>>> print(open('start_14.txt').read())   # compact mmCIF, N, CA and C atoms
# COMPACT_ATOMS: atom_id res chain seq x y z
N MET A 316 0.84 -27.27 9.19
CA MET A 316 1.25 -26.05 8.51
C MET A 316 0.53 -25.93 7.16
N ILE A 317 0.09 -24.73 6.87
CA ILE A 317 -0.59 -24.48 5.60
C ILE A 317 0.27 -23.51 4.79
N LYS A 318 0.46 -23.83 3.53
CA LYS A 318 1.29 -22.98 2.68
C LYS A 318 0.41 -22.13 1.78
N LEU A 319 0.72 -20.85 1.72
CA LEU A 319 0.01 -19.94 0.82
C LEU A 319 0.94 -19.56 -0.32
N GLU A 320 0.41 -19.62 -1.52
CA GLU A 320 1.23 -19.27 -2.68
C GLU A 320 0.44 -18.42 -3.67
N GLY A 321 1.20 -17.71 -4.52
CA GLY A 321 0.63 -17.00 -5.65
C GLY A 321 -0.51 -16.06 -5.32
N LEU A 322 -1.53 -16.11 -6.15
CA LEU A 322 -2.65 -15.17 -6.03
C LEU A 322 -3.37 -15.23 -4.70
N ARG A 323 -3.30 -16.38 -4.06
CA ARG A 323 -3.95 -16.50 -2.75
C ARG A 323 -3.36 -15.52 -1.74
N ILE A 324 -2.07 -15.30 -1.86
CA ILE A 324 -1.41 -14.38 -0.94
C ILE A 324 -1.96 -12.97 -1.15
N ALA A 325 -2.08 -12.58 -2.42
CA ALA A 325 -2.62 -11.25 -2.72
C ALA A 325 -4.08 -11.17 -2.29
N GLY A 326 -4.85 -12.20 -2.56
CA GLY A 326 -6.26 -12.20 -2.20
C GLY A 326 -6.45 -12.08 -0.70
N LEU A 327 -5.64 -12.82 0.04
CA LEU A 327 -5.76 -12.77 1.49
C LEU A 327 -5.33 -11.40 2.02
N TYR A 328 -4.26 -10.89 1.46
CA TYR A 328 -3.81 -9.55 1.88
C TYR A 328 -4.91 -8.51 1.68
N LEU A 329 -5.51 -8.52 0.51
CA LEU A 329 -6.57 -7.55 0.22
C LEU A 329 -7.76 -7.75 1.15
N PHE A 330 -8.10 -8.99 1.39
CA PHE A 330 -9.26 -9.28 2.26
C PHE A 330 -9.01 -8.74 3.68
N LEU A 331 -7.80 -8.98 4.18
CA LEU A 331 -7.48 -8.51 5.54
C LEU A 331 -7.35 -6.98 5.56
N LYS A 332 -6.65 -6.45 4.58
CA LYS A 332 -6.38 -5.01 4.54
C LYS A 332 -7.68 -4.20 4.48
N GLU A 333 -8.63 -4.70 3.72
CA GLU A 333 -9.90 -3.99 3.56
C GLU A 333 -10.81 -4.14 4.79
N ARG A 334 -10.36 -4.95 5.76
CA ARG A 334 -11.12 -5.14 7.00
C ARG A 334 -10.22 -4.90 8.21
N GLU A 335 -9.30 -3.98 8.06
CA GLU A 335 -8.24 -3.76 9.05
C GLU A 335 -8.80 -3.52 10.45
N SER A 336 -9.90 -2.78 10.52
CA SER A 336 -10.44 -2.44 11.84
C SER A 336 -11.04 -3.65 12.55
N GLU A 337 -11.25 -4.74 11.81
CA GLU A 337 -11.88 -5.93 12.41
C GLU A 337 -10.84 -6.97 12.84
N LEU A 338 -9.57 -6.70 12.60
CA LEU A 338 -8.54 -7.71 12.86
C LEU A 338 -8.13 -7.75 14.33
N ASP A 339 -7.99 -8.96 14.86
CA ASP A 339 -7.40 -9.08 16.20
C ASP A 339 -5.87 -9.01 16.05
N GLU A 340 -5.18 -9.12 17.16
CA GLU A 340 -3.73 -8.92 17.13
C GLU A 340 -3.02 -9.91 16.21
N LYS A 341 -3.42 -11.16 16.30
CA LYS A 341 -2.74 -12.19 15.47
C LYS A 341 -2.99 -11.97 13.98
N MET A 342 -4.21 -11.62 13.65
CA MET A 342 -4.52 -11.41 12.22
C MET A 342 -3.87 -10.12 11.72
N CYS A 343 -3.72 -9.15 12.63
CA CYS A 343 -3.04 -7.91 12.26
C CYS A 343 -1.57 -8.21 11.94
N GLU A 344 -0.95 -9.03 12.76
CA GLU A 344 0.45 -9.42 12.52
C GLU A 344 0.57 -10.18 11.19
N LEU A 345 -0.38 -11.06 10.96
CA LEU A 345 -0.37 -11.81 9.70
C LEU A 345 -0.47 -10.85 8.51
N GLY A 346 -1.38 -9.90 8.60
CA GLY A 346 -1.53 -8.92 7.53
C GLY A 346 -0.24 -8.14 7.29
N GLU A 347 0.44 -7.78 8.37
CA GLU A 347 1.70 -7.03 8.24
C GLU A 347 2.79 -7.89 7.59
N GLU A 348 2.83 -9.15 7.95
CA GLU A 348 3.84 -10.03 7.35
C GLU A 348 3.59 -10.23 5.85
N ILE A 349 2.31 -10.39 5.51
CA ILE A 349 1.99 -10.56 4.09
C ILE A 349 2.31 -9.27 3.33
N GLU A 350 2.04 -8.14 3.96
CA GLU A 350 2.35 -6.86 3.32
C GLU A 350 3.85 -6.74 3.04
N ALA A 351 4.67 -7.08 4.04
CA ALA A 351 6.13 -7.02 3.85
C ALA A 351 6.56 -7.98 2.73
N TYR A 352 5.97 -9.15 2.72
CA TYR A 352 6.28 -10.15 1.67
C TYR A 352 5.95 -9.59 0.29
N LEU A 353 4.82 -8.95 0.16
CA LEU A 353 4.41 -8.40 -1.14
C LEU A 353 5.29 -7.22 -1.55
N TYR A 354 5.63 -6.37 -0.58
CA TYR A 354 6.48 -5.21 -0.90
C TYR A 354 7.87 -5.64 -1.37
N GLU A 355 8.31 -6.81 -0.94
CA GLU A 355 9.61 -7.32 -1.42
C GLU A 355 9.55 -7.77 -2.88
N ARG A 356 8.36 -8.10 -3.32
CA ARG A 356 8.22 -8.72 -4.65
C ARG A 356 7.56 -7.82 -5.70
N LEU A 357 6.85 -6.81 -5.23
CA LEU A 357 6.12 -5.95 -6.16
C LEU A 357 6.60 -4.50 -6.03
N SER A 358 6.38 -3.73 -7.07
CA SER A 358 6.72 -2.30 -7.00
C SER A 358 5.63 -1.56 -6.22
N ILE A 359 5.95 -0.34 -5.84
CA ILE A 359 4.96 0.49 -5.13
C ILE A 359 3.73 0.69 -6.02
N GLU A 360 3.97 0.88 -7.31
CA GLU A 360 2.85 1.06 -8.25
C GLU A 360 1.97 -0.20 -8.27
N GLU A 361 2.62 -1.34 -8.29
CA GLU A 361 1.83 -2.59 -8.30
C GLU A 361 1.04 -2.74 -6.99
N MET A 362 1.67 -2.36 -5.88
CA MET A 362 0.96 -2.47 -4.60
C MET A 362 -0.25 -1.53 -4.57
N GLU A 363 -0.08 -0.37 -5.19
CA GLU A 363 -1.18 0.60 -5.18
C GLU A 363 -2.38 0.14 -6.01
N GLU A 364 -2.09 -0.67 -7.01
CA GLU A 364 -3.22 -1.16 -7.82
C GLU A 364 -3.40 -2.67 -7.67
N LEU A 365 -3.10 -3.13 -6.47
CA LEU A 365 -3.13 -4.58 -6.24
C LEU A 365 -4.51 -5.19 -6.47
N ARG A 366 -5.55 -4.50 -6.04
CA ARG A 366 -6.91 -5.04 -6.23
C ARG A 366 -7.20 -5.27 -7.72
N ARG A 367 -6.82 -4.28 -8.55
CA ARG A 367 -7.07 -4.41 -9.98
C ARG A 367 -6.24 -5.56 -10.57
N LEU A 368 -4.97 -5.61 -10.20
CA LEU A 368 -4.09 -6.67 -10.72
C LEU A 368 -4.58 -8.06 -10.28
N TYR A 369 -5.08 -8.13 -9.07
CA TYR A 369 -5.58 -9.40 -8.54
C TYR A 369 -6.78 -9.89 -9.33
N GLU A 370 -7.61 -8.94 -9.73
CA GLU A 370 -8.84 -9.33 -10.43
C GLU A 370 -8.66 -9.49 -11.94
N ASP A 371 -7.53 -9.01 -12.46
CA ASP A 371 -7.27 -9.07 -13.89
C ASP A 371 -6.38 -10.28 -14.19
N SER A 372 -6.98 -11.33 -14.72
CA SER A 372 -6.20 -12.56 -14.93
C SER A 372 -5.08 -12.35 -15.96
N ASP A 373 -5.20 -11.33 -16.84
CA ASP A 373 -4.14 -11.05 -17.79
C ASP A 373 -2.91 -10.42 -17.13
N ALA A 374 -3.07 -9.90 -15.94
CA ALA A 374 -1.97 -9.17 -15.30
C ALA A 374 -0.87 -10.11 -14.80
N ASP A 375 -1.17 -11.39 -14.71
CA ASP A 375 -0.19 -12.40 -14.33
C ASP A 375 0.47 -12.10 -12.97
N LEU A 376 -0.33 -11.59 -12.06
CA LEU A 376 0.19 -11.25 -10.73
C LEU A 376 0.72 -12.48 -10.00
N GLY A 377 0.03 -13.59 -10.16
CA GLY A 377 0.39 -14.81 -9.43
C GLY A 377 1.83 -15.25 -9.64
N SER A 378 2.37 -15.00 -10.84
CA SER A 378 3.74 -15.46 -11.12
C SER A 378 4.80 -14.59 -10.44
N LYS A 379 4.40 -13.42 -9.97
CA LYS A 379 5.38 -12.50 -9.36
C LYS A 379 5.49 -12.66 -7.85
N ILE A 380 4.53 -13.38 -7.26
CA ILE A 380 4.53 -13.44 -5.79
C ILE A 380 4.57 -14.86 -5.23
N MET B 119 6.30 -17.95 -0.96
CA MET B 119 5.38 -18.78 -0.19
C MET B 119 5.34 -18.32 1.27
N ILE B 120 4.15 -18.30 1.81
CA ILE B 120 3.97 -17.92 3.22
C ILE B 120 3.43 -19.12 3.98
N LYS B 121 4.03 -19.38 5.14
CA LYS B 121 3.60 -20.53 5.94
C LYS B 121 2.73 -20.07 7.10
N LEU B 122 1.62 -20.76 7.26
CA LEU B 122 0.74 -20.47 8.40
C LEU B 122 0.84 -21.63 9.39
N GLU B 123 0.99 -21.28 10.65
CA GLU B 123 1.08 -22.33 11.66
C GLU B 123 0.27 -21.98 12.90
N GLY B 124 -0.03 -23.02 13.67
CA GLY B 124 -0.65 -22.85 14.99
C GLY B 124 -1.91 -22.00 15.01
N LEU B 125 -1.96 -21.14 16.01
CA LEU B 125 -3.17 -20.35 16.25
C LEU B 125 -3.57 -19.47 15.08
N ARG B 126 -2.57 -19.09 14.29
CA ARG B 126 -2.88 -18.26 13.11
C ARG B 126 -3.84 -18.96 12.16
N ILE B 127 -3.68 -20.27 12.06
CA ILE B 127 -4.55 -21.03 11.17
C ILE B 127 -5.99 -20.94 11.68
N ALA B 128 -6.15 -21.13 12.99
CA ALA B 128 -7.50 -21.05 13.57
C ALA B 128 -8.05 -19.63 13.44
N GLY B 129 -7.20 -18.65 13.70
CA GLY B 129 -7.64 -17.25 13.63
C GLY B 129 -8.10 -16.89 12.22
N LEU B 130 -7.33 -17.33 11.25
CA LEU B 130 -7.69 -17.02 9.87
C LEU B 130 -8.97 -17.76 9.47
N TYR B 131 -9.08 -19.00 9.88
CA TYR B 131 -10.29 -19.75 9.58
C TYR B 131 -11.53 -19.04 10.13
N LEU B 132 -11.46 -18.64 11.38
CA LEU B 132 -12.60 -17.96 12.00
C LEU B 132 -12.90 -16.65 11.29
N PHE B 133 -11.86 -15.92 10.94
CA PHE B 133 -12.05 -14.64 10.27
C PHE B 133 -12.76 -14.82 8.93
N LEU B 134 -12.32 -15.83 8.18
CA LEU B 134 -12.94 -16.08 6.87
C LEU B 134 -14.35 -16.64 7.05
N LYS B 135 -14.49 -17.60 7.93
CA LYS B 135 -15.79 -18.27 8.13
C LYS B 135 -16.87 -17.28 8.56
N GLU B 136 -16.50 -16.36 9.40
CA GLU B 136 -17.48 -15.39 9.91
C GLU B 136 -17.80 -14.31 8.87
N ARG B 137 -17.11 -14.35 7.73
CA ARG B 137 -17.37 -13.40 6.64
C ARG B 137 -17.59 -14.15 5.32
N GLU B 138 -18.18 -15.32 5.44
CA GLU B 138 -18.30 -16.24 4.30
C GLU B 138 -18.94 -15.59 3.07
N SER B 139 -19.94 -14.76 3.31
CA SER B 139 -20.67 -14.16 2.19
C SER B 139 -19.81 -13.14 1.43
N GLU B 140 -18.70 -12.71 2.04
CA GLU B 140 -17.85 -11.69 1.40
C GLU B 140 -16.68 -12.30 0.63
N LEU B 141 -16.54 -13.62 0.68
CA LEU B 141 -15.36 -14.26 0.08
C LEU B 141 -15.49 -14.42 -1.43
N ASP B 142 -14.42 -14.14 -2.15
CA ASP B 142 -14.41 -14.47 -3.57
C ASP B 142 -14.03 -15.96 -3.72
N GLU B 143 -13.96 -16.42 -4.95
CA GLU B 143 -13.76 -17.86 -5.16
C GLU B 143 -12.45 -18.38 -4.54
N LYS B 144 -11.40 -17.61 -4.73
CA LYS B 144 -10.09 -18.07 -4.20
C LYS B 144 -10.08 -18.10 -2.68
N MET B 145 -10.67 -17.11 -2.07
CA MET B 145 -10.70 -17.07 -0.61
C MET B 145 -11.64 -18.13 -0.05
N CYS B 146 -12.68 -18.43 -0.81
CA CYS B 146 -13.60 -19.49 -0.42
C CYS B 146 -12.88 -20.84 -0.43
N GLU B 147 -12.10 -21.08 -1.46
CA GLU B 147 -11.31 -22.31 -1.54
C GLU B 147 -10.31 -22.40 -0.39
N LEU B 148 -9.68 -21.27 -0.11
CA LEU B 148 -8.73 -21.24 1.00
C LEU B 148 -9.44 -21.60 2.31
N GLY B 149 -10.59 -21.00 2.55
CA GLY B 149 -11.36 -21.29 3.74
C GLY B 149 -11.71 -22.78 3.85
N GLU B 150 -12.07 -23.37 2.71
CA GLU B 150 -12.43 -24.79 2.72
C GLU B 150 -11.22 -25.68 3.02
N GLU B 151 -10.06 -25.29 2.47
CA GLU B 151 -8.85 -26.07 2.75
C GLU B 151 -8.45 -25.99 4.22
N ILE B 152 -8.58 -24.79 4.77
CA ILE B 152 -8.23 -24.63 6.18
C ILE B 152 -9.22 -25.41 7.04
N GLU B 153 -10.47 -25.41 6.64
CA GLU B 153 -11.49 -26.16 7.38
C GLU B 153 -11.16 -27.65 7.38
N ALA B 154 -10.79 -28.19 6.22
CA ALA B 154 -10.44 -29.61 6.12
C ALA B 154 -9.21 -29.91 6.99
N TYR B 155 -8.25 -29.01 6.94
CA TYR B 155 -7.03 -29.15 7.75
C TYR B 155 -7.39 -29.23 9.24
N LEU B 156 -8.27 -28.34 9.68
CA LEU B 156 -8.64 -28.30 11.09
C LEU B 156 -9.46 -29.53 11.50
N TYR B 157 -10.35 -29.97 10.60
CA TYR B 157 -11.17 -31.16 10.93
C TYR B 157 -10.30 -32.41 11.04
N GLU B 158 -9.15 -32.42 10.38
CA GLU B 158 -8.25 -33.57 10.53
C GLU B 158 -7.56 -33.60 11.89
N ARG B 159 -7.47 -32.43 12.51
CA ARG B 159 -6.68 -32.32 13.74
C ARG B 159 -7.51 -32.10 15.01
N LEU B 160 -8.73 -31.66 14.83
CA LEU B 160 -9.56 -31.35 16.00
C LEU B 160 -10.83 -32.20 15.98
N SER B 161 -11.42 -32.36 17.14
CA SER B 161 -12.69 -33.10 17.22
C SER B 161 -13.83 -32.18 16.76
N ILE B 162 -14.98 -32.77 16.51
CA ILE B 162 -16.15 -31.98 16.13
C ILE B 162 -16.49 -31.00 17.26
N GLU B 163 -16.38 -31.48 18.50
CA GLU B 163 -16.67 -30.61 19.66
C GLU B 163 -15.71 -29.40 19.66
N GLU B 164 -14.45 -29.68 19.39
CA GLU B 164 -13.48 -28.57 19.38
C GLU B 164 -13.77 -27.59 18.23
N MET B 165 -14.17 -28.15 17.09
CA MET B 165 -14.50 -27.27 15.96
C MET B 165 -15.70 -26.39 16.31
N GLU B 166 -16.66 -26.97 17.03
CA GLU B 166 -17.87 -26.21 17.38
C GLU B 166 -17.59 -25.07 18.34
N GLU B 167 -16.56 -25.25 19.16
CA GLU B 167 -16.24 -24.16 20.09
C GLU B 167 -14.89 -23.52 19.76
N LEU B 168 -14.58 -23.49 18.48
CA LEU B 168 -13.27 -23.01 18.04
C LEU B 168 -13.02 -21.55 18.45
N ARG B 169 -14.01 -20.71 18.35
CA ARG B 169 -13.83 -19.30 18.71
C ARG B 169 -13.42 -19.17 20.17
N ARG B 170 -14.08 -19.93 21.04
CA ARG B 170 -13.75 -19.87 22.47
C ARG B 170 -12.33 -20.41 22.72
N LEU B 171 -12.02 -21.56 22.09
CA LEU B 171 -10.69 -22.15 22.28
C LEU B 171 -9.60 -21.22 21.75
N TYR B 172 -9.90 -20.54 20.65
CA TYR B 172 -8.93 -19.62 20.06
C TYR B 172 -8.64 -18.45 21.00
N GLU B 173 -9.66 -17.99 21.67
CA GLU B 173 -9.49 -16.82 22.53
C GLU B 173 -9.02 -17.16 23.94
N ASP B 174 -9.08 -18.45 24.30
CA ASP B 174 -8.68 -18.88 25.64
C ASP B 174 -7.24 -19.41 25.58
N SER B 175 -6.31 -18.63 26.08
CA SER B 175 -4.90 -19.04 25.95
C SER B 175 -4.61 -20.31 26.76
N ASP B 176 -5.43 -20.62 27.78
CA ASP B 176 -5.22 -21.85 28.55
C ASP B 176 -5.64 -23.10 27.77
N ALA B 177 -6.40 -22.93 26.69
CA ALA B 177 -6.93 -24.09 25.95
C ALA B 177 -5.84 -24.77 25.13
N ASP B 178 -4.72 -24.10 24.92
CA ASP B 178 -3.57 -24.68 24.23
C ASP B 178 -3.94 -25.18 22.82
N LEU B 179 -4.80 -24.46 22.16
CA LEU B 179 -5.24 -24.85 20.82
C LEU B 179 -4.07 -24.88 19.82
N GLY B 180 -3.17 -23.94 19.98
CA GLY B 180 -2.06 -23.81 19.02
C GLY B 180 -1.22 -25.07 18.88
N SER B 181 -1.09 -25.82 19.97
CA SER B 181 -0.23 -27.02 19.92
C SER B 181 -0.90 -28.17 19.17
N LYS B 182 -2.20 -28.08 18.96
CA LYS B 182 -2.93 -29.19 18.31
C LYS B 182 -3.02 -29.04 16.80
N ILE B 183 -2.74 -27.84 16.32
CA ILE B 183 -2.96 -27.61 14.88
C ILE B 183 -1.72 -27.15 14.14
>>> encode(input="start_14.txt", output="structure tokens")
Amino acid sequence: MIKLEGLRIAGLYLFLKERESELDEKMCELGEEIEAYLYERLSIEEMEELRRLYEDSDADLGSKI
Amino acid sequence: MIKLEGLRIAGLYLFLKERESELDEKMCELGEEIEAYLYERLSIEEMEELRRLYEDSDADLGSKI
């Protein structure tokens, strides 16, 4: 088992989401689970600017997820 | 925290590995950790044909990782 935490979760979500058309069924399910996980922890506004927050080390995104 | 298990680990590894040039630093590290994880559990031969084993449900790859 591999555990994903903090910014890695956001990074992986963005990577998968931006390549949605290339995902097989299992990776699509994984992307959906990560999305649900993030929506439980972040606001809609934060989700909408997730790429910016992920790349901005001052945004402290990692501590919220 | 999100837990990855079984075939998902292989699927994610293949997805990242096949897009290596597109990975940022965090995703690159994740790919390397998953690679080390898989090399601990699979033979070199299995790693070399990982895509085929992943797609062949009879190969029972999920139970090994």
>>> calpha_fit_and_write(input="start_14.txt", fixed="chain A", moving="chain B", output="CSV table (one decimal) with N, CA and C atoms, keeping the file's coordinate frame")
chain,number,residue,atom,x,y,z
B,119,MET,N,0.9,-27.3,9.2
B,119,MET,CA,1.3,-26.0,8.5
B,119,MET,C,0.5,-25.9,7.2
B,120,ILE,N,0.1,-24.7,6.9
B,120,ILE,CA,-0.6,-24.5,5.6
B,120,ILE,C,0.3,-23.5,4.8
B,121,LYS,N,0.5,-23.8,3.5
B,121,LYS,CA,1.3,-23.0,2.7
B,121,LYS,C,0.4,-22.1,1.8
B,122,LEU,N,0.7,-20.9,1.7
B,122,LEU,CA,0.0,-19.9,0.8
B,122,LEU,C,0.9,-19.6,-0.3
B,123,GLU,N,0.4,-19.6,-1.5
B,123,GLU,CA,1.2,-19.3,-2.7
B,123,GLU,C,0.4,-18.4,-3.7
B,124,GLY,N,1.2,-17.7,-4.5
B,124,GLY,CA,0.6,-17.0,-5.7
B,124,GLY,C,-0.5,-16.1,-5.3
B,125,LEU,N,-1.5,-16.1,-6.1
B,125,LEU,CA,-2.6,-15.2,-6.0
B,125,LEU,C,-3.4,-15.2,-4.7
B,126,ARG,N,-3.3,-16.4,-4.1
B,126,ARG,CA,-3.9,-16.5,-2.7
B,126,ARG,C,-3.4,-15.5,-1.7
B,127,ILE,N,-2.1,-15.3,-1.9
B,127,ILE,CA,-1.4,-14.4,-0.9
B,127,ILE,C,-2.0,-13.0,-1.1
B,128,ALA,N,-2.1,-12.6,-2.4
B,128,ALA,CA,-2.6,-11.3,-2.7
B,128,ALA,C,-4.1,-11.2,-2.3
B,129,GLY,N,-4.8,-12.2,-2.6
B,129,GLY,CA,-6.3,-12.2,-2.2
B,129,GLY,C,-6.5,-12.1,-0.7
B,130,LEU,N,-5.6,-12.8,0.0
B,130,LEU,CA,-5.8,-12.8,1.5
B,130,LEU,C,-5.3,-11.4,2.0
B,131,TYR,N,-4.3,-10.9,1.5
B,131,TYR,CA,-3.8,-9.6,1.9
B,131,TYR,C,-4.9,-8.5,1.7
B,132,LEU,N,-5.5,-8.5,0.5
B,132,LEU,CA,-6.6,-7.6,0.2
B,132,LEU,C,-7.8,-7.8,1.2
B,133,PHE,N,-8.1,-9.0,1.4
B,133,PHE,CA,-9.2,-9.3,2.3
B,133,PHE,C,-9.0,-8.8,3.7
B,134,LEU,N,-7.8,-9.0,4.2
B,134,LEU,CA,-7.5,-8.5,5.5
B,134,LEU,C,-7.3,-7.0,5.6
B,135,LYS,N,-6.6,-6.4,4.6
B,135,LYS,CA,-6.4,-5.0,4.5
B,135,LYS,C,-7.7,-4.2,4.5
B,136,GLU,N,-8.6,-4.7,3.7
B,136,GLU,CA,-9.9,-4.0,3.5
B,136,GLU,C,-10.8,-4.1,4.8
B,137,ARG,N,-10.4,-4.9,5.7
B,137,ARG,CA,-11.1,-5.1,7.0
B,137,ARG,C,-10.2,-4.9,8.2
B,138,GLU,N,-9.3,-4.0,8.0
B,138,GLU,CA,-8.2,-3.8,9.0
B,138,GLU,C,-8.8,-3.5,10.4
B,139,SER,N,-9.9,-2.8,10.5
B,139,SER,CA,-10.4,-2.4,11.8
B,139,SER,C,-11.0,-3.6,12.5
B,140,GLU,N,-11.3,-4.7,11.8
B,140,GLU,CA,-11.9,-5.9,12.4
B,140,GLU,C,-10.8,-7.0,12.9
B,141,LEU,N,-9.6,-6.7,12.6
B,141,LEU,CA,-8.5,-7.7,12.9
B,141,LEU,C,-8.1,-7.8,14.3
B,142,ASP,N,-8.0,-9.0,14.9
B,142,ASP,CA,-7.4,-9.1,16.2
B,142,ASP,C,-5.8,-9.0,16.1
B,143,GLU,N,-5.2,-9.1,17.2
B,143,GLU,CA,-3.7,-8.9,17.1
B,143,GLU,C,-3.0,-9.9,16.2
B,144,LYS,N,-3.4,-11.2,16.3
B,144,LYS,CA,-2.7,-12.2,15.5
B,144,LYS,C,-3.0,-12.0,14.0
B,145,MET,N,-4.2,-11.6,13.6
B,145,MET,CA,-4.5,-11.4,12.2
B,145,MET,C,-3.9,-10.1,11.7
B,146,CYS,N,-3.7,-9.2,12.6
B,146,CYS,CA,-3.0,-7.9,12.3
B,146,CYS,C,-1.6,-8.2,11.9
B,147,GLU,N,-0.9,-9.0,12.8
B,147,GLU,CA,0.5,-9.4,12.5
B,147,GLU,C,0.6,-10.2,11.2
B,148,LEU,N,-0.4,-11.1,11.0
B,148,LEU,CA,-0.4,-11.8,9.7
B,148,LEU,C,-0.5,-10.9,8.5
B,149,GLY,N,-1.4,-9.9,8.6
B,149,GLY,CA,-1.5,-8.9,7.5
B,149,GLY,C,-0.2,-8.1,7.3
B,150,GLU,N,0.4,-7.8,8.4
B,150,GLU,CA,1.7,-7.0,8.2
B,150,GLU,C,2.8,-7.9,7.6
B,151,GLU,N,2.8,-9.2,7.9
B,151,GLU,CA,3.8,-10.0,7.3
B,151,GLU,C,3.6,-10.2,5.8
B,152,ILE,N,2.3,-10.4,5.5
B,152,ILE,CA,2.0,-10.6,4.1
B,152,ILE,C,2.3,-9.3,3.3
B,153,GLU,N,2.0,-8.2,4.0
B,153,GLU,CA,2.3,-6.9,3.3
B,153,GLU,C,3.8,-6.7,3.1
B,154,ALA,N,4.7,-7.1,4.0
B,154,ALA,CA,6.1,-7.0,3.9
B,154,ALA,C,6.6,-8.0,2.7
B,155,TYR,N,6.0,-9.2,2.7
B,155,TYR,CA,6.3,-10.2,1.7
B,155,TYR,C,6.0,-9.6,0.3
B,156,LEU,N,4.8,-8.9,0.2
B,156,LEU,CA,4.4,-8.4,-1.1
B,156,LEU,C,5.3,-7.2,-1.5
B,157,TYR,N,5.6,-6.4,-0.6
B,157,TYR,CA,6.5,-5.2,-0.9
B,157,TYR,C,7.9,-5.6,-1.3
B,158,GLU,N,8.3,-6.8,-0.9
B,158,GLU,CA,9.6,-7.3,-1.4
B,158,GLU,C,9.6,-7.8,-2.9
B,159,ARG,N,8.4,-8.1,-3.3
B,159,ARG,CA,8.2,-8.7,-4.6
B,159,ARG,C,7.6,-7.8,-5.7
B,160,LEU,N,6.9,-6.8,-5.2
B,160,LEU,CA,6.1,-5.9,-6.2
B,160,LEU,C,6.6,-4.5,-6.0
B,161,SER,N,6.4,-3.7,-7.1
B,161,SER,CA,6.7,-2.3,-7.0
B,161,SER,C,5.6,-1.6,-6.2
B,162,ILE,N,5.9,-0.3,-5.8
B,162,ILE,CA,5.0,0.5,-5.1
B,162,ILE,C,3.7,0.7,-6.0
B,163,GLU,N,4.0,0.9,-7.3
B,163,GLU,CA,2.8,1.1,-8.3
B,163,GLU,C,2.0,-0.2,-8.3
B,164,GLU,N,2.6,-1.3,-8.3
B,164,GLU,CA,1.8,-2.6,-8.3
B,164,GLU,C,1.0,-2.7,-7.0
B,165,MET,N,1.7,-2.4,-5.9
B,165,MET,CA,1.0,-2.5,-4.6
B,165,MET,C,-0.3,-1.5,-4.6
B,166,GLU,N,-0.1,-0.4,-5.2
B,166,GLU,CA,-1.2,0.6,-5.2
B,166,GLU,C,-2.4,0.1,-6.0
B,167,GLU,N,-2.1,-0.7,-7.0
B,167,GLU,CA,-3.2,-1.2,-7.8
B,167,GLU,C,-3.4,-2.7,-7.7
B,168,LEU,N,-3.1,-3.1,-6.5
B,168,LEU,CA,-3.1,-4.6,-6.2
B,168,LEU,C,-4.5,-5.2,-6.5
B,169,ARG,N,-5.6,-4.5,-6.1
B,169,ARG,CA,-6.9,-5.0,-6.3
B,169,ARG,C,-7.2,-5.3,-7.7
B,170,ARG,N,-6.8,-4.3,-8.6
B,170,ARG,CA,-7.1,-4.4,-10.0
B,170,ARG,C,-6.2,-5.6,-10.6
B,171,LEU,N,-5.0,-5.6,-10.2
B,171,LEU,CA,-4.1,-6.7,-10.7
B,171,LEU,C,-4.6,-8.1,-10.3
B,172,TYR,N,-5.1,-8.1,-9.1
B,172,TYR,CA,-5.6,-9.4,-8.5
B,172,TYR,C,-6.8,-9.9,-9.3
B,173,GLU,N,-7.6,-9.0,-9.7
B,173,GLU,CA,-8.9,-9.3,-10.4
B,173,GLU,C,-8.7,-9.5,-11.9
B,174,ASP,N,-7.5,-9.0,-12.5
B,174,ASP,CA,-7.3,-9.1,-13.9
B,174,ASP,C,-6.4,-10.3,-14.2
B,175,SER,N,-7.0,-11.3,-14.7
B,175,SER,CA,-6.2,-12.5,-14.9
B,175,SER,C,-5.1,-12.3,-16.0
B,176,ASP,N,-5.2,-11.3,-16.8
B,176,ASP,CA,-4.1,-11.0,-17.8
B,176,ASP,C,-2.9,-10.4,-17.2
B,177,ALA,N,-3.1,-9.9,-15.9
B,177,ALA,CA,-2.0,-9.1,-15.3
B,177,ALA,C,-0.9,-10.1,-14.8
B,178,ASP,N,-1.2,-11.4,-14.7
B,178,ASP,CA,-0.2,-12.4,-14.3
B,178,ASP,C,0.5,-12.1,-13.0
B,179,LEU,N,-0.3,-11.6,-12.1
B,179,LEU,CA,0.2,-11.2,-10.7
B,179,LEU,C,0.7,-12.5,-10.0
B,180,GLY,N,0.0,-13.6,-10.2
B,180,GLY,CA,0.4,-14.8,-9.4
B,180,GLY,C,1.8,-15.3,-9.6
B,181,SER,N,2.4,-15.0,-10.8
B,181,SER,CA,3.7,-15.5,-11.1
B,181,SER,C,4.8,-14.6,-10.4
B,182,LYS,N,4.4,-13.4,-10.0
B,182,LYS,CA,5.4,-12.5,-9.3
B,182,LYS,C,5.5,-12.7,-7.8
B,183,ILE,N,4.5,-13.4,-7.3
B,183,ILE,CA,4.5,-13.4,-5.8
B,183,ILE,C,4.6,-14.9,-5.2
>>> interface_residues(input="start_14.txt", of="chain B", to="chain A", cutoff="8 Å", atoms="only C-alpha atoms", output="PyMOL selection string")
chain B and resi 119-124+126-127+129-130+144-145+148+152+183
>>> atom_distance(input="start_14.txt", atom1="CA of Glu166 in chain B", atom2="CA of Leu329 in chain A")
27.8 Å
>>> select_by_dssp(input="start_14.txt", residues="chain A", states="helix (DSSP H, G or I)", output="PyMOL selection string")
chain A and resi 322-332+335-337+340-356+359-363+365-370+372-374+376-379
>>> residues_around(input="start_14.txt", residues="Tyr157 in chain B", least_positions_apart="6", cutoff="12 Å", atoms="only C-alpha atoms", output="NGL selection string")
:B and (128 or 131 or 150-151 or 163-166 or 168 or 182-183)
>>> atom_distance(input="start_14.txt", atom1="atom C of Gly346 in chain A", atom2="CA of Lys332 in chain A")
7.4 Å
>>> atom_distance(input="start_14.txt", atom1="CA of Glu167 in chain B", atom2="atom N of Cys343 in chain A")
20.9 Å
>>> axis_aligned_box(input="start_14.txt", around="range 353-359 of chain A", padding_each_side="3 Å", output="lines of an AutoDock Vina configuration file")
center_x = 6.7
center_y = -4.1
center_z = -3.5
size_x = 11.9
size_y = 15.6
size_z = 13.2
